[in-house]
>>> print(open('target-v6.tsv').read())   # TSV, C-alpha atoms
chain	number	residue	atom	x	y	z
B	1	MET	CA	49.46	88.11	-87.66
B	2	ALA	CA	46.26	89.10	-85.84
B	3	PHE	CA	44.50	86.20	-84.15
B	4	ASN	CA	40.94	86.29	-82.85
B	5	ARG	CA	41.14	86.06	-79.08
B	6	ASN	CA	38.27	83.57	-78.96
B	7	LEU	CA	40.15	81.18	-81.21
B	8	GLN	CA	43.30	81.83	-79.24
B	9	GLN	CA	41.54	80.80	-76.03
B	10	LEU	CA	40.23	77.63	-77.67
B	11	THR	CA	43.76	76.77	-78.77
B	12	GLN	CA	45.00	77.28	-75.22
B	13	ILE	CA	42.22	75.08	-73.80
B	14	ALA	CA	42.98	72.34	-76.33
B	15	ALA	CA	46.66	72.43	-75.38
B	16	LYS	CA	46.07	72.22	-71.62
B	17	GLU	CA	47.19	69.11	-69.79
B	18	THR	CA	43.81	68.95	-68.05
B	19	ARG	CA	40.46	70.46	-69.00
B	20	THR	CA	37.54	71.11	-66.66
B	21	ILE	CA	34.18	70.65	-68.36
B	22	LEU	CA	30.62	70.91	-67.09
B	23	GLY	CA	28.44	68.32	-68.80
B	24	LEU	CA	24.70	69.03	-68.89
B	25	MET	CA	21.77	66.76	-69.61
B	26	SER	CA	18.06	67.54	-69.58
B	27	GLY	CA	16.07	64.49	-70.59
B	28	THR	CA	12.61	63.85	-71.94
B	29	SER	CA	11.24	63.47	-68.41
B	30	VAL	CA	11.98	67.20	-67.91
B	31	ASP	CA	12.50	66.59	-64.20
B	32	GLY	CA	15.71	68.51	-63.73
B	33	LEU	CA	19.14	69.49	-65.04
B	34	ASP	CA	21.92	66.93	-64.60
B	35	ILE	CA	25.23	68.74	-64.04
B	36	ALA	CA	28.48	66.75	-64.09
B	37	LEU	CA	31.75	68.46	-63.19
B	38	CYS	CA	34.44	66.54	-65.06
B	39	ARG	CA	38.21	66.73	-65.38
B	40	PHE	CA	39.79	65.47	-68.62
B	41	THR	CA	43.28	64.61	-69.70
B	42	GLY	CA	44.03	63.47	-73.23
B	43	ASN	CA	41.56	62.76	-75.98
B	44	GLY	CA	40.45	59.94	-78.25
B	45	ALA	CA	41.50	56.49	-77.09
B	46	ALA	CA	43.79	58.15	-74.52
B	47	THR	CA	40.93	60.02	-72.83
B	48	GLN	CA	41.02	59.96	-69.04
B	49	MET	CA	37.97	61.33	-67.25
B	50	GLU	CA	37.42	61.99	-63.55
B	51	LEU	CA	33.92	62.82	-62.30
B	52	ILE	CA	34.64	65.45	-59.65
B	53	ASP	CA	31.07	66.24	-58.63
B	54	PHE	CA	27.51	65.75	-59.77
B	55	GLU	CA	24.07	67.11	-58.96
B	56	ILE	CA	20.57	66.88	-60.35
B	57	ILE	CA	18.87	70.24	-59.80
B	58	ALA	CA	15.11	69.89	-60.02
B	59	TYR	CA	13.22	72.17	-62.37
B	60	ALA	CA	10.53	74.43	-61.00
B	61	PRO	CA	7.00	73.29	-61.94
B	62	ASP	CA	6.72	76.33	-64.21
B	63	PHE	CA	9.73	75.21	-66.29
B	64	ARG	CA	8.29	71.75	-66.78
B	65	ALA	CA	4.86	73.15	-67.64
B	66	GLU	CA	6.28	75.49	-70.29
B	67	ILE	CA	8.25	72.72	-71.99
B	68	LYS	CA	5.20	70.46	-72.01
B	69	THR	CA	3.29	73.04	-74.08
B	70	ILE	CA	5.48	72.21	-77.08
B	71	PHE	CA	7.17	68.93	-76.22
B	72	SER	CA	6.73	66.10	-78.74
B	73	LYS	CA	3.73	67.76	-80.42
B	74	LYS	CA	3.22	68.10	-84.16
B	75	GLN	CA	1.14	71.26	-83.75
B	76	ILE	CA	2.41	73.96	-81.39
B	77	ASP	CA	2.42	77.69	-80.78
B	78	PHE	CA	5.41	78.70	-82.89
B	79	GLU	CA	5.86	81.95	-80.97
B	80	LYS	CA	6.19	79.87	-77.77
B	81	LEU	CA	8.94	77.77	-79.37
B	82	CYS	CA	10.77	80.94	-80.39
B	83	LEU	CA	10.52	82.35	-76.88
B	84	LEU	CA	11.51	79.16	-75.12
B	85	ASN	CA	14.76	78.67	-77.06
B	86	PRO	CA	16.62	81.49	-75.24
B	87	TRP	CA	14.53	81.16	-72.06
B	88	VAL	CA	15.59	77.54	-71.50
B	89	ALA	CA	19.23	78.61	-71.81
B	90	THR	CA	18.86	81.42	-69.29
B	91	GLN	CA	16.98	79.18	-66.84
B	92	GLN	CA	19.62	76.48	-67.10
B	93	SER	CA	22.39	79.08	-66.81
B	94	ALA	CA	20.97	80.17	-63.45
B	95	LEU	CA	21.15	76.55	-62.26
B	96	ILE	CA	24.76	76.27	-63.49
B	97	LEU	CA	25.79	79.41	-61.62
B	98	ALA	CA	24.05	78.14	-58.47
B	99	PHE	CA	25.92	74.83	-58.85
B	100	LEU	CA	29.25	76.66	-59.06
B	101	GLN	CA	28.48	79.07	-56.22
B	102	LYS	CA	27.51	76.18	-53.94
B	103	ARG	CA	31.00	74.73	-54.48
B	104	GLY	CA	32.90	77.98	-54.25
B	105	LEU	CA	33.89	77.84	-57.91
B	106	GLN	CA	34.24	80.73	-60.34
B	107	ALA	CA	33.26	80.64	-64.00
B	108	ALA	CA	36.92	81.26	-64.91
B	109	GLU	CA	37.80	77.87	-63.39
B	110	ILE	CA	35.61	76.07	-65.95
B	111	ASP	CA	37.00	75.61	-69.45
B	112	LEU	CA	33.83	74.53	-71.23
B	113	ILE	CA	30.14	73.83	-70.82
B	114	ALA	CA	28.79	70.88	-72.79
B	115	SER	CA	25.06	71.53	-73.13
B	116	HIS	CA	22.71	68.95	-74.56
B	117	GLY	CA	19.79	71.38	-74.49
B	118	GLN	CA	16.19	70.27	-74.17
B	119	THR	CA	14.81	67.95	-76.83
B	120	VAL	CA	11.37	69.08	-77.96
B	121	TYR	CA	10.99	66.88	-81.05
B	122	HIS	CA	12.85	63.94	-82.56
B	123	ALA	CA	11.92	62.95	-86.11
B	124	PRO	CA	14.02	60.21	-87.72
B	125	LYS	CA	12.87	59.42	-91.24
B	126	ALA	CA	11.85	55.93	-90.15
B	127	LEU	CA	9.22	57.61	-87.98
B	128	HIS	CA	8.01	60.56	-90.06
B	129	GLN	CA	8.24	58.62	-93.39
B	130	LYS	CA	8.09	61.75	-95.56
B	131	THR	CA	10.01	60.89	-98.71
B	132	LYS	CA	11.63	64.24	-99.50
B	133	PHE	CA	12.81	64.88	-95.93
B	134	GLY	CA	15.64	63.25	-94.03
B	135	ASN	CA	16.29	62.68	-90.34
B	136	ALA	CA	15.68	65.61	-88.02
B	137	THR	CA	15.73	66.55	-84.36
B	138	LEU	CA	15.36	69.75	-82.37
B	139	GLN	CA	16.91	70.73	-79.06
B	140	ILE	CA	16.30	74.18	-77.58
B	141	GLY	CA	18.37	76.15	-75.07
B	142	ASP	CA	20.53	78.43	-77.21
B	143	GLY	CA	24.29	78.11	-76.68
B	144	ASP	CA	25.01	81.83	-77.23
B	145	HIS	CA	22.64	82.81	-74.46
B	146	MET	CA	24.18	80.25	-72.11
B	147	ALA	CA	27.71	81.46	-72.90
B	148	ILE	CA	26.76	85.08	-72.23
B	149	GLU	CA	24.82	84.26	-69.05
B	150	THR	CA	27.54	82.08	-67.53
B	151	GLY	CA	30.68	83.66	-68.99
B	152	ILE	CA	31.86	80.19	-70.10
B	153	ILE	CA	32.52	78.91	-73.62
B	154	THR	CA	29.59	76.65	-74.43
B	155	ILE	CA	29.48	73.67	-76.78
B	156	SER	CA	25.90	72.78	-77.70
B	157	ASP	CA	23.54	71.38	-80.33
B	158	PHE	CA	25.55	68.16	-80.71
B	159	ARG	CA	22.93	66.16	-82.59
B	160	GLN	CA	22.74	68.26	-85.77
B	161	LYS	CA	26.23	67.30	-86.96
B	162	HIS	CA	25.39	63.62	-86.46
B	163	ILE	CA	22.36	63.99	-88.73
B	164	ALA	CA	24.26	66.08	-91.28
B	165	ALA	CA	26.85	63.29	-91.53
B	166	GLY	CA	24.26	60.57	-92.13
B	167	GLY	CA	23.14	59.55	-88.62
B	168	GLU	CA	19.76	59.92	-86.95
B	169	GLY	CA	20.96	62.35	-84.28
B	170	ALA	CA	20.72	59.63	-81.62
B	171	PRO	CA	21.84	57.78	-79.73
B	172	LEU	CA	25.17	59.53	-79.28
B	173	ALA	CA	26.35	57.51	-76.30
B	174	VAL	CA	28.50	55.27	-78.50
B	175	TYR	CA	31.19	57.94	-78.84
B	176	GLY	CA	31.66	58.65	-75.16
B	177	ASP	CA	31.09	55.07	-74.05
B	178	TYR	CA	33.83	53.78	-76.32
B	179	LEU	CA	36.37	56.38	-75.21
B	180	ILE	CA	35.94	56.09	-71.44
B	181	PHE	CA	34.37	52.69	-70.71
B	182	SER	CA	36.04	50.21	-73.08
B	183	LYS	CA	38.17	47.54	-71.42
B	184	ALA	CA	40.43	44.99	-73.06
B	185	GLY	CA	39.26	41.45	-72.48
B	186	GLU	CA	35.76	42.34	-71.28
B	187	ASP	CA	32.69	42.59	-73.51
B	188	ARG	CA	30.51	45.34	-72.10
B	189	ILE	CA	26.93	46.42	-72.69
B	190	MET	CA	26.29	49.95	-71.45
B	191	LEU	CA	22.51	50.10	-70.91
B	192	ASN	CA	20.96	53.49	-70.28
B	193	MET	CA	17.28	53.67	-69.38
B	194	GLY	CA	16.05	57.23	-69.58
B	195	GLY	CA	12.78	58.10	-71.29
B	196	ILE	CA	14.00	55.92	-74.15
B	197	ALA	CA	16.24	52.92	-73.54
B	198	ASN	CA	19.48	52.46	-75.46
B	199	PHE	CA	22.65	50.46	-75.17
B	200	THR	CA	26.21	50.60	-76.45
B	201	TYR	CA	28.10	47.41	-77.19
B	202	LEU	CA	31.82	47.60	-76.36
B	203	PRO	CA	33.76	44.52	-77.49
B	204	GLY	CA	36.63	43.34	-75.33
B	205	ASN	CA	38.87	43.23	-78.40
B	206	LEU	CA	38.63	47.07	-78.52
B	207	ASN	CA	37.81	46.96	-82.25
B	208	ALA	CA	36.02	50.23	-82.93
B	209	HIS	CA	34.42	48.75	-86.05
B	210	GLU	CA	32.38	46.42	-83.84
B	211	VAL	CA	31.18	49.13	-81.46
B	212	PHE	CA	27.63	50.33	-81.93
B	213	CYS	CA	24.79	51.97	-80.07
B	214	THR	CA	21.05	51.70	-80.61
B	215	ASP	CA	17.74	52.63	-79.06
B	216	THR	CA	15.65	49.63	-78.09
B	217	GLY	CA	12.29	51.33	-77.51
B	218	PRO	CA	10.69	52.87	-74.44
B	219	GLY	CA	12.59	53.16	-71.20
B	220	ASN	CA	10.55	55.11	-68.68
B	221	THR	CA	8.56	57.36	-70.99
B	222	LEU	CA	5.33	55.34	-71.09
B	223	MET	CA	5.49	54.42	-67.41
B	224	ASP	CA	6.11	58.06	-66.46
B	225	ALA	CA	3.26	59.30	-68.64
B	226	TRP	CA	0.87	56.68	-67.25
B	227	ILE	CA	1.53	57.44	-63.59
B	228	HIS	CA	1.39	61.21	-64.14
B	229	GLU	CA	-1.93	60.78	-65.95
B	230	HIS	CA	-3.47	59.13	-62.89
B	231	PHE	CA	-1.44	60.75	-60.10
B	232	PRO	CA	-0.69	64.34	-61.25
B	233	ASP	CA	1.71	64.97	-58.37
B	234	GLN	CA	3.89	62.02	-59.37
B	235	TYR	CA	6.26	61.88	-62.32
B	236	PHE	CA	7.55	58.29	-62.13
B	237	ASP	CA	6.73	54.95	-60.52
B	238	LYS	CA	9.14	55.15	-57.58
B	239	ASP	CA	10.96	51.82	-57.14
B	240	GLY	CA	8.34	50.19	-59.39
B	241	ARG	CA	5.83	50.18	-56.53
B	242	LEU	CA	2.70	50.47	-58.67
B	243	ALA	CA	4.02	47.89	-61.15
B	244	SER	CA	4.64	45.48	-58.26
B	245	GLU	CA	0.96	45.70	-57.30
B	246	GLY	CA	-0.31	44.73	-60.75
B	247	ASN	CA	-0.38	41.72	-63.05
B	248	ILE	CA	1.09	41.56	-66.55
B	249	HIS	CA	-1.63	41.30	-69.19
B	250	ALA	CA	-0.46	39.09	-72.06
B	251	ALA	CA	-2.81	40.50	-74.72
B	252	LEU	CA	-1.90	44.12	-73.97
B	253	LEU	CA	1.80	43.23	-73.91
B	254	ALA	CA	1.52	41.59	-77.33
B	255	ALA	CA	-0.29	44.64	-78.74
B	256	LEU	CA	2.35	47.00	-77.34
B	257	LYS	CA	5.10	44.98	-79.01
B	258	ASP	CA	3.26	44.88	-82.35
B	259	HIS	CA	5.04	47.72	-84.12
B	260	ALA	CA	7.43	47.88	-87.08
B	261	PHE	CA	10.04	49.77	-85.00
B	262	PHE	CA	11.00	46.55	-83.24
B	263	GLU	CA	11.78	44.87	-86.55
B	264	GLN	CA	14.03	47.64	-87.85
B	265	PRO	CA	17.77	46.85	-88.02
B	266	PHE	CA	20.32	48.43	-85.69
B	267	PRO	CA	21.17	51.22	-85.17
B	268	LYS	CA	17.82	52.94	-84.83
B	269	THR	CA	16.30	55.73	-82.78
B	270	THR	CA	12.89	56.65	-81.46
B	271	GLY	CA	11.23	58.92	-78.92
B	272	PRO	CA	8.04	59.97	-77.13
B	273	GLU	CA	6.75	61.08	-80.52
B	274	LEU	CA	5.95	57.37	-81.01
B	275	PHE	CA	5.84	55.87	-77.53
B	276	ASN	CA	3.25	57.97	-75.74
B	277	LEU	CA	-0.21	57.62	-74.20
B	278	ALA	CA	-1.81	57.58	-77.66
B	279	TYR	CA	0.34	54.55	-78.50
B	280	LEU	CA	-0.84	52.87	-75.30
B	281	SER	CA	-4.47	53.71	-76.05
B	282	THR	CA	-4.20	52.15	-79.51
B	283	ALA	CA	-2.70	48.99	-78.01
B	284	GLN	CA	-5.49	48.82	-75.43
B	285	GLN	CA	-8.13	49.12	-78.14
B	286	LYS	CA	-6.45	46.38	-80.20
B	287	SER	CA	-6.30	44.07	-77.17
B	288	ASN	CA	-9.71	44.98	-75.66
B	289	THR	CA	-8.01	46.05	-72.43
B	290	SER	CA	-9.24	49.65	-72.11
B	291	ASP	CA	-10.86	48.81	-68.76
B	292	LEU	CA	-7.71	47.28	-67.27
B	293	ASN	CA	-6.91	48.67	-63.82
B	294	ILE	CA	-4.10	51.18	-63.31
B	295	ALA	CA	-1.68	48.77	-61.61
B	296	ASP	CA	-2.10	46.05	-64.26
B	297	VAL	CA	-1.38	48.54	-67.03
B	298	MET	CA	1.73	49.73	-65.18
B	299	ALA	CA	2.92	46.16	-64.63
B	300	THR	CA	2.46	45.49	-68.36
B	301	LEU	CA	4.26	48.67	-69.40
B	302	ASN	CA	7.15	47.73	-67.12
B	303	ARG	CA	7.40	44.30	-68.72
B	304	PHE	CA	7.10	45.89	-72.18
B	305	THR	CA	10.20	47.98	-71.52
B	306	ALA	CA	12.08	44.98	-70.12
B	307	GLU	CA	11.22	42.60	-72.97
B	308	THR	CA	12.06	45.06	-75.75
B	309	ILE	CA	15.41	45.83	-74.11
B	310	ALA	CA	16.20	42.15	-73.56
B	311	GLU	CA	15.17	41.07	-77.05
B	312	SER	CA	17.47	43.71	-78.53
B	313	VAL	CA	20.40	42.79	-76.28
B	314	LEU	CA	19.98	39.09	-77.08
B	315	LYS	CA	20.75	39.82	-80.73
B	316	LEU	CA	24.34	40.25	-79.59
B	317	ASP	CA	26.48	37.12	-79.48
B	318	ALA	CA	28.13	38.59	-76.41
B	319	ALA	CA	24.82	38.48	-74.54
B	320	ASN	CA	24.94	34.71	-74.70
B	321	ALA	CA	28.59	34.52	-73.70
B	322	GLY	CA	28.63	36.18	-70.31
B	323	ALA	CA	29.12	39.86	-71.18
B	324	HIS	CA	29.00	42.49	-68.44
B	325	LEU	CA	25.99	44.83	-68.45
B	326	TYR	CA	26.37	48.24	-66.78
B	327	ALA	CA	23.07	49.98	-66.06
B	328	SER	CA	22.44	53.71	-65.79
B	329	GLY	CA	19.57	56.15	-66.06
B	330	GLY	CA	16.34	56.50	-64.11
B	331	GLY	CA	15.11	53.02	-65.00
B	332	MET	CA	17.98	51.56	-63.00
B	333	HIS	CA	16.15	52.61	-59.82
B	334	ASN	CA	13.02	50.65	-60.81
B	335	THR	CA	13.49	47.38	-58.93
B	336	VAL	CA	10.72	45.60	-60.83
B	337	LEU	CA	12.23	46.52	-64.19
B	338	MET	CA	15.71	45.45	-63.12
B	339	GLN	CA	14.44	42.10	-61.88
B	340	HIS	CA	12.68	41.49	-65.18
B	341	LEU	CA	15.96	42.20	-66.99
B	342	ARG	CA	17.92	39.81	-64.77
B	343	ASP	CA	15.32	37.10	-65.43
B	344	LEU	CA	15.34	37.71	-69.19
B	345	LEU	CA	19.14	37.99	-69.48
B	346	PRO	CA	20.43	35.28	-67.13
B	347	LYS	CA	23.85	34.92	-68.77
B	348	LEU	CA	24.80	38.55	-68.26
B	349	SER	CA	26.65	39.91	-65.26
B	350	PHE	CA	24.77	42.98	-63.96
B	351	HIS	CA	26.51	46.08	-62.59
B	352	ARG	CA	25.93	49.81	-62.18
B	353	THR	CA	28.20	52.37	-63.81
B	354	GLU	CA	29.29	53.67	-60.40
B	355	SER	CA	31.61	50.64	-60.31
B	356	LEU	CA	33.38	52.34	-63.25
B	357	GLY	CA	33.66	55.67	-61.45
B	358	VAL	CA	30.57	57.32	-62.93
B	359	HIS	CA	27.38	57.79	-60.94
B	360	PRO	CA	24.58	56.10	-62.94
B	361	ASP	CA	22.46	59.25	-62.94
B	362	ALA	CA	25.43	61.31	-64.17
B	363	LYS	CA	26.34	59.14	-67.14
B	364	GLU	CA	24.58	61.06	-69.90
B	365	ALA	CA	25.86	64.43	-68.68
B	366	VAL	CA	29.36	62.95	-68.54
B	367	LEU	CA	29.07	61.64	-72.09
B	368	PHE	CA	28.27	65.11	-73.43
B	369	ALA	CA	31.32	66.43	-71.61
B	370	VAL	CA	33.32	63.76	-73.48
B	371	LEU	CA	31.87	65.02	-76.78
B	372	ALA	CA	32.88	68.58	-75.90
B	373	ASN	CA	36.41	67.44	-75.04
B	374	GLU	CA	36.64	65.72	-78.43
B	375	CYS	CA	35.20	68.77	-80.20
B	376	ILE	CA	37.98	70.99	-78.85
B	377	ALA	CA	40.95	68.66	-78.37
B	378	GLY	CA	40.27	65.42	-80.27
B	379	GLY	CA	38.72	64.25	-83.51
B	380	ASN	CA	41.15	61.46	-84.37
B	381	VAL	CA	39.09	58.37	-83.52
B	382	SER	CA	37.72	56.16	-86.30
B	383	PHE	CA	34.54	54.19	-85.82
B	384	GLY	CA	34.79	52.56	-89.22
B	385	ASP	CA	32.71	53.07	-92.33
B	386	ARG	CA	29.27	52.09	-91.10
B	387	PRO	CA	25.82	53.60	-91.60
B	388	GLY	CA	24.52	55.48	-88.58
B	389	VAL	CA	27.94	55.95	-86.93
B	390	PRO	CA	29.67	58.83	-88.74
B	391	ASN	CA	33.28	59.66	-87.90
B	392	ILE	CA	32.82	63.19	-86.67
B	393	THR	CA	33.22	65.55	-83.77
B	394	MET	CA	30.03	67.29	-82.69
B	395	GLY	CA	28.91	70.56	-81.17
B	396	LYS	CA	28.56	74.23	-82.01
B	397	ILE	CA	30.86	76.67	-80.22
B	398	SER	CA	29.48	79.78	-78.50
B	399	PHE	CA	31.74	82.42	-76.95
B	400	PRO	CA	30.81	84.63	-74.01
B	401	TRP	CA	32.14	87.84	-75.61
>>> encode(input="target-v6.tsv", output="structure tokens")
Amino acid sequence: MAFNRNLQQLTQIAAKETRTILGLMSGTSVDGLDIALCRFTGNGAATQMELIDFEIIAYAPDFRAEIKTIFSKKQIDFEKLCLLNPWVATQQSALILAFLQKRGLQAAEIDLIASHGQTVYHAPKALHQKTKFGNATLQIGDGDHMAIETGIITISDFRQKHIAAGGEGAPLAVYGDYLIFSKAGEDRIMLNMGGIANFTYLPGNLNAHEVFCTDTGPGNTLMDAWIHEHFPDQYFDKDGRLASEGNIHAALLAALKDHAFFEQPFPKTTGPELFNLAYLSTAQQKSNTSDLNIADVMATLNRFTAETIAESVLKLDAANAGAHLYASGGGMHNTVLMQHLRDLLPKLSFHRTESLGVHPDAKEAVLFAVLANECIAGGNVSFGDRPGVPNITMGKISFPW
């Protein structure tokens, strides 16, 4: 019987004892492409992952500028969106090939690429509130173009399946976190602070029905936007330096926290579509703090992120019983933010994910590699019958021929 050679190759990859997967992540900060070179054995609860190498390759200013023309905007140039979808893939493909060349690797040595793409709009129903429409999200960077450009089978567009199966398309970390970071006898909270902050709760009893992941609100997105607004050559508050120079303003902090999102039940998702400079401006008007100096606003935004994370984490019984928190993402480098979290969560033991063998900046790219491994070789893990956590594998498959 004739058998399509593409499907035959997938079958061979699935049957391999080890699989080599490049995990990619490009976040809402649009600062660069995270590339994680991972080696996998097994799947599901038996997944073993080794992070072989990792690099963040900075985007050229032109790339960032083009994405910003459509990013998180309700009204855009539709032709630009159409053009950017393949262009992002070809730009990222060039970075992938440079990554491989630098290490003396050939495309044939890589089994799969797991590409998150570039989020340009995230619209859960709780945010858009249009009755006849459901949850939606859009990531650009077409998988077919990436597969052709690199010569590597590409798994992409992971979030659509999650939405189709009843989720909000985010956060997806729960799937990878559970498979590679769970540990018997230790309750873990995997906190990732990218543009948006989210955490996964991993119970020490390994009961998948108790595992869940949720966004908590802003991570770095408001702080990044604020510093770039006033210092155009800067994209983040390095080490929390500006925040350390300011004072927290109680009235502005209260206004920032006065939003229905923070009262919604878990799991929930959000994005820069809500938490942006317009949101800050509204809070300043409500609190009569429009004339507050730059450092005081930054200090307040920093505390806003910390308090909304901590208040979400404290809803877990484990947070009051000495669970272990493992931090990752750009916010982990913000010393002011991390100190706030330690003060607000005194019963938790704080760590970085590098103690688990995963560089904190690589974690999200690694997790998409896990999803690709499950897409091809897994699919047998149950997360229970719970809203927002569908039992699915995710990703669309693109072949290079």
>>> atom_distance(input="target-v6.tsv", atom1="CA of Asp111 in chain B", atom2="CA of Gln139 in chain B")
22.8 Å
>>> closest_atom_pairs(input="target-v6.tsv", of="range 101-174 of chain B", to="range 7-16 of chain B", cutoff="12 Å", atoms="all atoms listed in the file", output="Markdown table")
| residue | atom | partner | partner_atom | distance |
| --- | --- | --- | --- | --- |
| B:Glu109 | CA | B:Ile13 | CA | 11.6 |
| B:Ile110 | CA | B:Ile13 | CA | 10.3 |
| B:Asp111 | CA | B:Ile13 | CA | 6.8 |
| B:Leu112 | CA | B:Ile13 | CA | 8.8 |
| B:Ile152 | CA | B:Gln9 | CA | 11.4 |
| B:Ile153 | CA | B:Leu10 | CA | 8.8 |
| B:Thr154 | CA | B:Leu10 | CA | 11.2 |
| B:Ile155 | CA | B:Leu10 | CA | 11.5 |
>>> write_last_selection(input="target-v6.tsv", atoms="C-alpha atoms", output="short mmCIF file (atom, residue, chain, number, x, y, z; two decimals), keeping the file's coordinate frame")
data_model
loop_
_atom_site.label_atom_id
_atom_site.label_comp_id
_atom_site.auth_asym_id
_atom_site.auth_seq_id
_atom_site.Cartn_x
_atom_site.Cartn_y
_atom_site.Cartn_z
CA GLU B 109 37.80 77.87 -63.39
CA ILE B 110 35.61 76.07 -65.95
CA ASP B 111 37.00 75.61 -69.45
CA LEU B 112 33.83 74.53 -71.23
CA ILE B 152 31.86 80.19 -70.10
CA ILE B 153 32.52 78.91 -73.62
CA THR B 154 29.59 76.65 -74.43
CA ILE B 155 29.48 73.67 -76.78
#
>>> closest_residue(input="target-v6.tsv", among="B:Gly104, B:Gly217, B:Pro346, B:Pro171", to="Phe261 in chain B", atoms="all atoms listed in the file")
B:Gly217
>>> closest_atom_pairs(input="target-v6.tsv", of="range 184-247 of chain B", to="range 314-324 of chain B", cutoff="12 Å", atoms="only C-alpha atoms", output="CSV")
residue,atom,partner,partner_atom,distance
B:Gly185,CA,B:Ala323,CA,10.3
B:Glu186,CA,B:Ala323,CA,7.1
B:Asp187,CA,B:Ala323,CA,5.1
B:Arg188,CA,B:His324,CA,4.9
B:Ile189,CA,B:His324,CA,6.1
B:Met190,CA,B:His324,CA,8.5
B:Leu191,CA,B:His324,CA,10.3
B:Phe199,CA,B:Leu316,CA,11.3
B:Thr200,CA,B:Leu316,CA,11.0
B:Tyr201,CA,B:Leu316,CA,8.4
B:Leu202,CA,B:Ala323,CA,9.7
B:Pro203,CA,B:Ala318,CA,8.2
B:Gly204,CA,B:Ala323,CA,9.3
B:Asn205,CA,B:Ala318,CA,11.9
B:Glu210,CA,B:Leu316,CA,11.0
B:Val211,CA,B:Leu316,CA,11.4
B:Phe212,CA,B:Leu316,CA,10.9
B:Cys213,CA,B:Leu316,CA,11.7
B:Thr214,CA,B:Lys315,CA,11.9
B:Thr216,CA,B:Lys315,CA,11.4
>>> residues_near_point(input="target-v6.tsv", point="(17.7, 68.0, -84.3)", cutoff="7 Å", atoms="all atoms listed in the file", output="list in words")
His122, Ala136, Thr137, Leu138, Gln139, Arg159, Gln160 and Gly169 of chain B
>>> build_atoms(input="target-v6.tsv", residues="range 238-250 of chain B", atoms="N, CA and C atoms", output="PDB file, in the frame of the given file")
ATOM      1  N   LYS B 238       7.984  55.279 -58.475  1.00  0.00           N
ATOM      2  CA  LYS B 238       9.140  55.150 -57.580  1.00  0.00           C
ATOM      3  C   LYS B 238       9.352  53.698 -57.175  1.00  0.00           C
ATOM      4  N   ASP B 239      10.547  53.197 -57.471  1.00  0.00           N
ATOM      5  CA  ASP B 239      10.960  51.820 -57.140  1.00  0.00           C
ATOM      6  C   ASP B 239      10.069  50.759 -57.790  1.00  0.00           C
ATOM      7  N   GLY B 240       9.243  51.157 -58.751  1.00  0.00           N
ATOM      8  CA  GLY B 240       8.340  50.190 -59.390  1.00  0.00           C
ATOM      9  C   GLY B 240       7.203  49.744 -58.488  1.00  0.00           C
ATOM     10  N   ARG B 241       6.829  50.600 -57.518  1.00  0.00           N
ATOM     11  CA  ARG B 241       5.830  50.180 -56.530  1.00  0.00           C
ATOM     12  C   ARG B 241       4.483  49.859 -57.160  1.00  0.00           C
ATOM     13  N   LEU B 242       4.000  50.735 -58.050  1.00  0.00           N
ATOM     14  CA  LEU B 242       2.700  50.470 -58.670  1.00  0.00           C
ATOM     15  C   LEU B 242       2.769  49.230 -59.549  1.00  0.00           C
ATOM     16  N   ALA B 243       3.858  49.079 -60.304  1.00  0.00           N
ATOM     17  CA  ALA B 243       4.020  47.890 -61.150  1.00  0.00           C
ATOM     18  C   ALA B 243       4.005  46.619 -60.314  1.00  0.00           C
ATOM     19  N   SER B 244       4.574  46.677 -59.117  1.00  0.00           N
ATOM     20  CA  SER B 244       4.640  45.480 -58.260  1.00  0.00           C
ATOM     21  C   SER B 244       3.260  45.066 -57.741  1.00  0.00           C
ATOM     22  N   GLU B 245       2.310  45.991 -57.785  1.00  0.00           N
ATOM     23  CA  GLU B 245       0.960  45.700 -57.300  1.00  0.00           C
ATOM     24  C   GLU B 245       0.063  45.116 -58.385  1.00  0.00           C
ATOM     25  N   GLY B 246       0.528  45.159 -59.643  1.00  0.00           N
ATOM     26  CA  GLY B 246      -0.310  44.730 -60.750  1.00  0.00           C
ATOM     27  C   GLY B 246       0.122  43.405 -61.349  1.00  0.00           C
ATOM     28  N   ASN B 247      -0.660  42.942 -62.306  1.00  0.00           N
ATOM     29  CA  ASN B 247      -0.380  41.720 -63.050  1.00  0.00           C
ATOM     30  C   ASN B 247      -0.144  42.056 -64.513  1.00  0.00           C
ATOM     31  N   ILE B 248       0.783  41.349 -65.124  1.00  0.00           N
ATOM     32  CA  ILE B 248       1.090  41.560 -66.550  1.00  0.00           C
ATOM     33  C   ILE B 248      -0.030  40.971 -67.390  1.00  0.00           C
ATOM     34  N   HIS B 249      -0.546  41.758 -68.317  1.00  0.00           N
ATOM     35  CA  HIS B 249      -1.630  41.300 -69.190  1.00  0.00           C
ATOM     36  C   HIS B 249      -1.044  40.905 -70.545  1.00  0.00           C
ATOM     37  N   ALA B 250      -1.133  39.633 -70.870  1.00  0.00           N
ATOM     38  CA  ALA B 250      -0.460  39.090 -72.060  1.00  0.00           C
ATOM     39  C   ALA B 250      -0.953  39.742 -73.349  1.00  0.00           C
TER      40      ALA B 250
END
